[in-house]
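Beneath this line is the structure, given in structure tokens, with notes to follow.
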Amino acid sequence: MIGKQILSTLARTSSMGLRAGASNGRNSRALIINLNRLYSDNPTYNTIPQVFDRIAVVADEKIVEQVKALFQFNLSSDTNYYVDLKNGAGKVGKGESPEKPDVTITMDADNLLKMFNKELLPTTAFMTGKLTVKGDLTKALTLEKVMKAAREAGK
């Protein structure tokens with residue numbers, strides 16, 4: 001709530017600056033997006049380990065029962081990770097998954113951060129080729145439920 005008030009005040013008082021940047025609309029929109037992220041009520045995740053640590057916090061028997069899948073994340077600019085939401089209470093680890101994954105997701109680390117911070121929709125990432133999925137697409141769709149639970153647990 002406070003973040004929205006600050007953002008609206010900033011936009012109102014610096015409207016000249018935003019209008020001046022209107023000819024270069026992309027930068028002015030980027031400014032607003034970054035301010036929305038900065039003053040959001042939700043936490044912002046800046047590193048890949050933060051994302052997977054947050055997923056590890058919410059991994060439990062309840063989530064495993066709902067998801068029943070093993071995910072392999074191959075990140076182009078970072079370490080690979082796996083998320084086991086198929087066995088026991090769930091597990092998150094670095095490297096290759098100990099078993100054959102149900103779903104292998106390949107993407108750039110920056111795009112994963114954008115997805116987790118709600119700056120990039122998973123469907124948009126998939127449709128634009130920023131995210132490739134191999135394996136069971138139905139199980140891949142359950143990952144959005146996990147990401148939502150992880151973000152909400154970070155509040």
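Numbering starts fresh at 1 for the residues of each chain in the structure tokens, the chains themselves are lettered A, B, ... in the order given, and ligands are numbered from 1 as they appear.
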Could you give me, as a Markdown table, a per-residue list for stretch 44-114 of chain A showing, wherever an atom lies at most 6 Å from an atom of stretch 129-148 of chain A, the closest pair of atoms and their distance in Å to one decimal, using only C-alpha atoms and sorting by chain then residue number from low to high?
```
| residue | atom | partner | partner_atom | distance |
| --- | --- | --- | --- | --- |
| A:Asp102 | CA | A:Gly135 | CA | 5.7 |
| A:Val103 | CA | A:Gly135 | CA | 4.6 |
| A:Thr104 | CA | A:Lys134 | CA | 5.1 |
| A:Ile105 | CA | A:Val133 | CA | 4.8 |
| A:Thr106 | CA | A:Thr132 | CA | 5.2 |
| A:Met107 | CA | A:Leu131 | CA | 4.9 |
```
Those residues with C-alpha atoms, as a PDB file, in the first residue's frame please?
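The result, written out as again_23.pdb:
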```pdb
ATOM      1  CA  ASP A 102       9.514 -35.892 -15.545  1.00  0.00           C
ATOM      2  CA  VAL A 103      10.099 -32.385 -16.894  1.00  0.00           C
ATOM      3  CA  THR A 104      13.276 -30.668 -18.074  1.00  0.00           C
ATOM      4  CA  ILE A 105      13.095 -26.886 -18.276  1.00  0.00           C
ATOM      5  CA  THR A 106      15.778 -24.995 -20.143  1.00  0.00           C
ATOM      6  CA  MET A 107      15.983 -21.229 -19.897  1.00  0.00           C
TER       7      MET A 107
END
```
*Output as an NGL selection string all residues of stretch 35-102 of chain A that backbone DSSP marks as helix (DSSP H, G or I).*
:A and (35-38 or 48-58 or 61-67)
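Comparing A:Gly90, A:Leu121, A:Glu96, A:Lys114 by their smallest distance to A:Ile55, the closest is A:Gly90 (using only C-alpha atoms).
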*Among stretch 34-150 of chain A, which ones does DSSP place in strand (DSSP E), written as a ChimeraX atom specification?*
/A:69-75,81-85,91-94,103-107,131-135
